[in-house]
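Here's the structure, in C-alpha cells; my notes come after.
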Amino acid sequence: MDGEHSALSGFEREREKLPPIYHSSPPAGLGRGAKQPFPSLGTFISTLSQRRDAGGRGLTGGMMGTLSGTPGLRHGRELPPICSDVRQKQRISIDTLPPEVKAPFPSDPVIPLRTKTTKEFQEDVERAVQSGDWREVREFYLTTFDSFIEINAAFKREANGVFNTIDDSGVNAKFVNAVYDALLSTPQDIQKSVLKGIINSLLREWKGPRTKDDLRAYLILVQNPQYSSTSTYVIYAHLLRQIAALSEADHHFLVHWLKKLSARRFRQLVERLLQFISTRLFPAEPDELPPLAKCSWWIPSATKVLSLFNAANSVSSPPIMPFTDFYNITLEHIDFMEEYRTWQNYGHSNRFSFCQFPFILSTVVKKAIIQKDSEQQMISQARQSLVSKVSRRQRVDMNLLFLNIKVRRAQLLSDSLDELTRKRCDLKKKLRVTFVGEAGLDMGGLTKEWFLLLVRQIFHTDYGMFTYMKDSRCHWFSSWKCDNYSEFQLVGTLMGLAVYNSIALDIHFPLYCYRKLLTPPTVSCDQNALVGMATATLEDLQQIMPELAHGLGELLSYEGNVEEDFYLTFQVFQEEVGLVKSYNLKPGGDKILVTKQNRKEYVQLYVDFLLNKSIYKQFAAFYHGFHSVCASDALMLLRPEEVEMLVCGSPELDMSALQKAAQYEGYSKADTTVRCFWDVVLAFPAELQKKLLHFATGSDRVPVGGMADLNFKISKIDVPTDWLPISHTCFNQICLPPYRTRKELKHKLTIAISNAEGFGLE
C-alpha cells in the first residue's frame, strides 16, 4: 500500500497547488476538514457506501482516498485495478447483459442543458483577449470540467441523446477542438482551475459499470493539451489508469471513437503518450517526477491506452498514421532482453512487459531480440559440443563455433544445399563461407557474395522455382509439382541466415508471403500441423496478380446474369510445365455453376487455391527452412512488414546519414572528388539514389540498423578520369577515379549506376 499511498499523496499535492473552484463549494458533510489516517480498503468501501446512502454521488476533497485506496503493486510494473473487485465486475459491458440483470442499475443522470456553440465560445474568447475581462470564459471552463456530467453537457451534441453505438460517439468534435485550442492561451488561474476540475471529475464515484457518458468524458479528457507538461503528469497518469482499467467492451467503443478523430489530433495524442512513457523512463531532472518505484503503474497504464490508439489505427482503412510512428525509440536503451524474458516467463499473468505490446518496439529492438535469443541457443549448443569433446578427451576445434560453408562456384546451388542439409544442427552459429580453391579469410565479404550469387541464381526465371509477376514486380512460388522440395527449404534457410547475419537480400516477395511466414509465428510440435495457410483476400491477390484480381472484382460487382454471361464452374485450370491441369475448388466443382448467389464463395475459394493450396508443399518447405534458423518466440512480436524489413532492409533512404557514416580509402572527406560526389548524390532524385545504393551494395534497401550498418566505403583508383566508377558489392565499396569537376562526376556516375547489370559483382 505504501507505493499507492505515496503516489496518491502526490495527486493530492497537485490538487493543493491549484486555486479553488470559485463557483463550487462542497456539499454539506463532505468538507475537507483535517486529514484522516490512511484508511484500509474495507473502511474505505464502507465509507463510500455510507456516503452514497446519504445521497451524495459527487464527492470532493474528503474523498481523495478514491484513488489511493487501490491495492499496492506486488511486482515491478503490474497494471493495478481501481479497487479489488472492479476488474471482475466491469469485464462485461452493461449493454451485453440480459434485461433482468440490467434492471437494478439506476438510469443515467439527466444532463443539464448547455446551449453555448463553438462560434459563441470563440467570440467570448476574442472579447476576453481584447478587453482583458476573462470572467465569462473562466466560468465556462470551471463549470465544464467539474464533472463527467458537465463535460457531457458541454460537448455532447444532444444533452440527453443516447449515442450508444461504436459509429458515433455523439461528441461535438469541433467544439472540443475549439475549447482545447484556446485553453493554453488563457490566464494561468483558468488553466490551473481546469486541472482541479479534472481531478474532481476523476474522483467522483459511480454505481455499476461505466455508462457511455463516462466513456465520452474519457474520450474528451484524454485530448487535453495540458498533459504535454510534466507538471501535469500526476493527473495525466491517473486519467490513463482509469481508462486502462475499463472493460474490454468499453475499450471496444473507445477504439472506434478514437479512429474518428482528425489525423492531426490523433497523431498529437499518440506522440504525447510516447513522450510520457519516455519521460517516465528517463526524466530530464531526477526530481522532476515522483520516484519510479512509487508510481510503477504509470508506464503500464500509458502503454495500455496507447494500445487502444494502435488498435484504432489498425482498424482504419487506410491507417491514420504509419505503424512505425508508434515505435518508441527510447526503448532501444532499456534492457529489452529482460523485458523479453519477463514476457516469456509471465506472458499470461498481470506482470507487465513491453513485449506484451510489440507495436511500441522498433524493428531494431525486435531484430536484436531475435539475434540474441538465437545466439543464446547457439552458445548453449556450442557449450554442449565442447563438453562432449572434452569429456571424451578429444581435441577441441574452434571451428565448431561457426557454421562453415564450403562451396564450388561452378556447383554453387547443389553444394550450398548439401552443406546446409548436412549441417542443419549448426544453422544458429555464426556463418563463415569459403569458396573451394580460393585463398582468403571470410571477413564478411565472402558471406555476402555467397548470398548475392545464390539469390541471383535461385530467382532467375530460367530456374523455374519462382515466377516473376511483371505487373506487380514481385516473385511468387511456381505451382509445379515434384518429389523433392528441398530447394524451397534452402531459400527459406537463406532468408533466416540473412536475418541472423544482418545481410539485406535483394528479393521481392509480396507482403502476403511474410504474413504466411508468420502463420503460425512459431513451429508447432505437431508435425502434421498446417503452416502458411494465412487467410487470403482479394486484396492479397491484388499484390501478386493485379489483373486477375481486377477480373474477379468485376465478377463480384457484375449486375447482369452471372450464370449465362460468365459460364464458370467451381473448377479452375493451371499450366504446369507446359501442361494444363484442372482442379475442383470444392467436391464436384466441375458440375457446380457460378451464380450471383455463390460467386463470393467462388472468389474466396479461387483466391485461397492460388495463394495457399496450389503451392502448399513449396511454401511449407520454405516456411520450415526459415524457422530452422529463426525459431524464436520473438517472431510473435513481428508484423509481416517487419519481417520483410529484416530480410530485405528498409526502403527509406537517408543519404545524409550515409554521408556521415562513410569511410574513405585514398581520399579524405575534404577532397574535391569526395565533395563533388556527395553534392551530386544528395541532389539525385530518389530513383537514382536507389540505383546508386544497388550499384554499391547489391541492394537498394537499407539494413534495419540504418545506413551506419552498411560500412559504406569510397576508395580511390588511380586510372584516367574517362573511366567509369567501379563497385565491389561484397564490401559495400565504390571506387572513384579522381574526377575534377562536379559535372564530370555526375555524368560518369549516372552512366555507371544506370547500366549496371545484375548485381555488378566484382
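Ligands are numbered from 1 in the order shown, residues from 1 within each chain, and chains are lettered A, B, ... in the order they appear in the C-alpha cells.
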(request) Would you list the contacts of A:Phe145 as a PyMOL selection string, taking every protein, DNA or RNA residue within 7 Å and counting only C-alpha atoms, but skipping same-chain residues closer than 3 positions in sequence? (result) chain A and resi 141-142+150-151+194+197-198
Quick one: write out the picked residues with N, CA and C atoms as a short mmCIF file (atom, residue, chain, number, x, y, z; two decimals), in the first residue's frame?
data_model
loop_
_atom_site.label_atom_id
_atom_site.label_comp_id
_atom_site.auth_asym_id
_atom_site.auth_seq_id
_atom_site.Cartn_x
_atom_site.Cartn_y
_atom_site.Cartn_z
N TYR A 141 -15.06 27.40 -18.36
CA TYR A 141 -14.09 26.34 -18.10
C TYR A 141 -14.31 25.70 -16.74
N LEU A 142 -14.61 26.53 -15.72
CA LEU A 142 -14.79 26.00 -14.37
C LEU A 142 -16.00 25.07 -14.31
N GLU A 150 -21.06 17.44 -16.45
CA GLU A 150 -20.88 18.76 -17.07
C GLU A 150 -20.10 18.66 -18.38
N ILE A 151 -19.14 17.74 -18.44
CA ILE A 151 -18.37 17.54 -19.68
C ILE A 151 -19.31 17.11 -20.79
N VAL A 194 -8.93 24.36 -14.42
CA VAL A 194 -9.37 23.25 -15.28
C VAL A 194 -8.76 21.94 -14.76
N GLY A 197 -10.59 20.89 -11.73
CA GLY A 197 -11.87 20.32 -12.12
C GLY A 197 -11.73 18.89 -12.62
N ILE A 198 -10.65 18.62 -13.36
CA ILE A 198 -10.41 17.26 -13.86
C ILE A 198 -10.15 16.32 -12.70
#
(request) Using backbone DSSP assignments, extract all alpha helix (DSSP H) residues from stretch 479-607 of chain A; output them as a ChimeraX atom specification. (result) /A:486-500,511-517,538-544,546-557,562-566,599-607
(request) Check the smallest atom-to-atom distance from each of A:Cys482, A:Ile503, A:Leu400, A:Ala621 to A:Glu449 using only C-alpha atoms, then report the winner. (result) A:Ile503
(message) So that I can see what lies close to A:Asp418, please list as a PyMOL selection string the residues with an atom at most 12 Å from it, counting only C-alpha atoms and leaving out residues fewer than 4 positions away in the same chain.
(response) chain A and resi 405-408+411-414+422-424+486-487+489-490
Selection from above, all heavy atoms, as a tab-separated table (two decimals), in the first residue's frame, can you write it?
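Below is the file selection-v9.tsv, written as the result:
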chain	number	residue	atom	x	y	z
A	405	ILE	N	30.62	-23.08	-44.35
A	405	ILE	CA	30.07	-23.49	-45.64
A	405	ILE	C	31.19	-23.46	-46.69
A	405	ILE	O	31.81	-22.41	-46.91
A	405	ILE	CB	28.92	-22.54	-46.08
A	405	ILE	CG1	27.80	-22.55	-45.05
A	405	ILE	CG2	28.41	-22.94	-47.45
A	405	ILE	CD1	27.06	-23.85	-44.91
A	406	LYS	N	31.45	-24.61	-47.30
A	406	LYS	CA	32.45	-24.68	-48.37
A	406	LYS	C	31.74	-25.04	-49.67
A	406	LYS	O	31.07	-26.08	-49.74
A	406	LYS	CB	33.52	-25.73	-48.05
A	406	LYS	CG	34.40	-25.37	-46.87
A	406	LYS	CD	35.50	-26.41	-46.65
A	406	LYS	CE	36.40	-26.02	-45.49
A	406	LYS	NZ	37.48	-27.01	-45.27
A	407	VAL	N	31.90	-24.20	-50.69
A	407	VAL	CA	31.19	-24.42	-51.95
A	407	VAL	C	32.12	-24.17	-53.13
A	407	VAL	O	33.10	-23.43	-53.03
A	407	VAL	CB	29.97	-23.47	-52.06
A	407	VAL	CG1	28.91	-23.82	-51.04
A	407	VAL	CG2	30.39	-22.00	-51.93
A	408	ARG	N	31.76	-24.83	-54.25
A	408	ARG	CA	32.44	-24.56	-55.52
A	408	ARG	C	31.58	-23.59	-56.32
A	408	ARG	O	30.36	-23.72	-56.35
A	408	ARG	CB	32.61	-25.87	-56.30
A	408	ARG	CG	33.50	-26.91	-55.62
A	408	ARG	CD	33.34	-28.27	-56.26
A	408	ARG	NE	31.99	-28.81	-56.03
A	408	ARG	CZ	31.55	-29.96	-56.55
A	408	ARG	NH1	32.34	-30.67	-57.34
A	408	ARG	NH2	30.33	-30.37	-56.29
A	411	GLN	N	29.35	-25.23	-58.84
A	411	GLN	CA	28.26	-26.05	-58.30
A	411	GLN	C	27.63	-25.34	-57.09
A	411	GLN	O	27.33	-25.97	-56.08
A	411	GLN	CB	28.80	-27.43	-57.88
A	411	GLN	CG	29.55	-28.17	-58.96
A	411	GLN	CD	28.62	-28.57	-60.11
A	411	GLN	OE1	27.45	-28.82	-59.90
A	411	GLN	NE2	29.17	-28.62	-61.32
A	412	LEU	N	27.44	-24.06	-57.23
A	412	LEU	CA	27.06	-23.23	-56.08
A	412	LEU	C	25.77	-23.71	-55.41
A	412	LEU	O	25.73	-23.90	-54.20
A	412	LEU	CB	26.90	-21.77	-56.54
A	412	LEU	CG	26.59	-20.77	-55.43
A	412	LEU	CD1	27.79	-20.60	-54.52
A	412	LEU	CD2	26.19	-19.42	-56.02
A	413	LEU	N	24.73	-23.93	-56.20
A	413	LEU	CA	23.43	-24.26	-55.63
A	413	LEU	C	23.42	-25.64	-54.99
A	413	LEU	O	22.99	-25.81	-53.84
A	413	LEU	CB	22.35	-24.18	-56.72
A	413	LEU	CG	20.90	-24.13	-56.24
A	413	LEU	CD1	20.67	-22.96	-55.31
A	413	LEU	CD2	19.96	-24.05	-57.43
A	414	SER	N	23.91	-26.64	-55.68
A	414	SER	CA	23.89	-28.01	-55.14
A	414	SER	C	24.81	-28.13	-53.93
A	414	SER	O	24.46	-28.79	-52.93
A	414	SER	CB	24.29	-29.01	-56.21
A	414	SER	OG	25.58	-28.72	-56.72
A	422	ARG	N	23.49	-30.97	-44.45
A	422	ARG	CA	24.39	-31.77	-43.61
A	422	ARG	C	24.66	-31.09	-42.27
A	422	ARG	O	24.87	-31.77	-41.26
A	422	ARG	CB	25.71	-31.99	-44.38
A	422	ARG	CG	26.64	-33.01	-43.77
A	422	ARG	CD	27.67	-33.47	-44.80
A	422	ARG	NE	28.33	-32.36	-45.45
A	422	ARG	CZ	29.42	-31.75	-44.96
A	422	ARG	NH1	29.93	-32.15	-43.82
A	422	ARG	NH2	29.98	-30.76	-45.62
A	423	LYS	N	24.63	-29.76	-42.27
A	423	LYS	CA	24.97	-29.02	-41.05
A	423	LYS	C	23.75	-28.28	-40.46
A	423	LYS	O	23.89	-27.19	-39.90
A	423	LYS	CB	26.08	-28.01	-41.36
A	423	LYS	CG	27.35	-28.69	-41.86
A	423	LYS	CD	28.42	-27.70	-42.26
A	423	LYS	CE	29.69	-28.42	-42.74
A	423	LYS	NZ	30.74	-27.47	-43.19
A	424	ARG	N	22.58	-28.90	-40.61
A	424	ARG	CA	21.36	-28.21	-40.17
A	424	ARG	C	21.33	-27.98	-38.66
A	424	ARG	O	20.60	-27.13	-38.18
A	424	ARG	CB	20.12	-28.98	-40.62
A	424	ARG	CG	20.01	-30.41	-40.17
A	424	ARG	CD	18.73	-31.05	-40.69
A	424	ARG	NE	18.64	-32.47	-40.35
A	424	ARG	CZ	19.13	-33.44	-41.09
A	424	ARG	NH1	19.75	-33.14	-42.22
A	424	ARG	NH2	19.00	-34.70	-40.72
A	486	SER	N	13.27	-29.59	-51.46
A	486	SER	CA	14.38	-29.16	-50.60
A	486	SER	C	14.96	-27.82	-51.03
A	486	SER	O	15.49	-27.08	-50.20
A	486	SER	CB	15.48	-30.21	-50.59
A	486	SER	OG	15.92	-30.49	-51.91
A	487	GLU	N	14.86	-27.49	-52.31
A	487	GLU	CA	15.41	-26.22	-52.76
A	487	GLU	C	14.57	-25.05	-52.24
A	487	GLU	O	15.09	-23.96	-52.00
A	487	GLU	CB	15.52	-26.19	-54.28
A	487	GLU	CG	16.61	-27.13	-54.79
A	487	GLU	CD	16.74	-27.11	-56.30
A	487	GLU	OE1	15.84	-26.58	-56.97
A	487	GLU	OE2	17.75	-27.65	-56.81
A	489	GLN	N	13.19	-25.20	-49.35
A	489	GLN	CA	13.65	-25.11	-47.96
A	489	GLN	C	14.97	-24.35	-47.89
A	489	GLN	O	15.21	-23.58	-46.95
A	489	GLN	CB	13.82	-26.52	-47.37
A	489	GLN	CG	14.17	-26.50	-45.89
A	489	GLN	CD	14.02	-27.86	-45.24
A	489	GLN	OE1	13.54	-28.80	-45.86
A	489	GLN	NE2	14.41	-27.98	-43.99
A	490	LEU	N	15.81	-24.52	-48.91
A	490	LEU	CA	17.07	-23.78	-48.97
A	490	LEU	C	16.82	-22.28	-48.99
A	490	LEU	O	17.50	-21.51	-48.30
A	490	LEU	CB	17.87	-24.21	-50.21
A	490	LEU	CG	19.08	-23.34	-50.57
A	490	LEU	CD1	20.13	-23.42	-49.47
A	490	LEU	CD2	19.67	-23.77	-51.91
(message) So, with only C-alpha atoms as the atoms that count, which of A:Lys746, A:Lys713, A:Lys192, A:Lys428 lies closest to A:Leu682?
(response)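 When distances to A:Leu682 are compared using only C-alpha atoms, the smallest one comes from A:Lys746.
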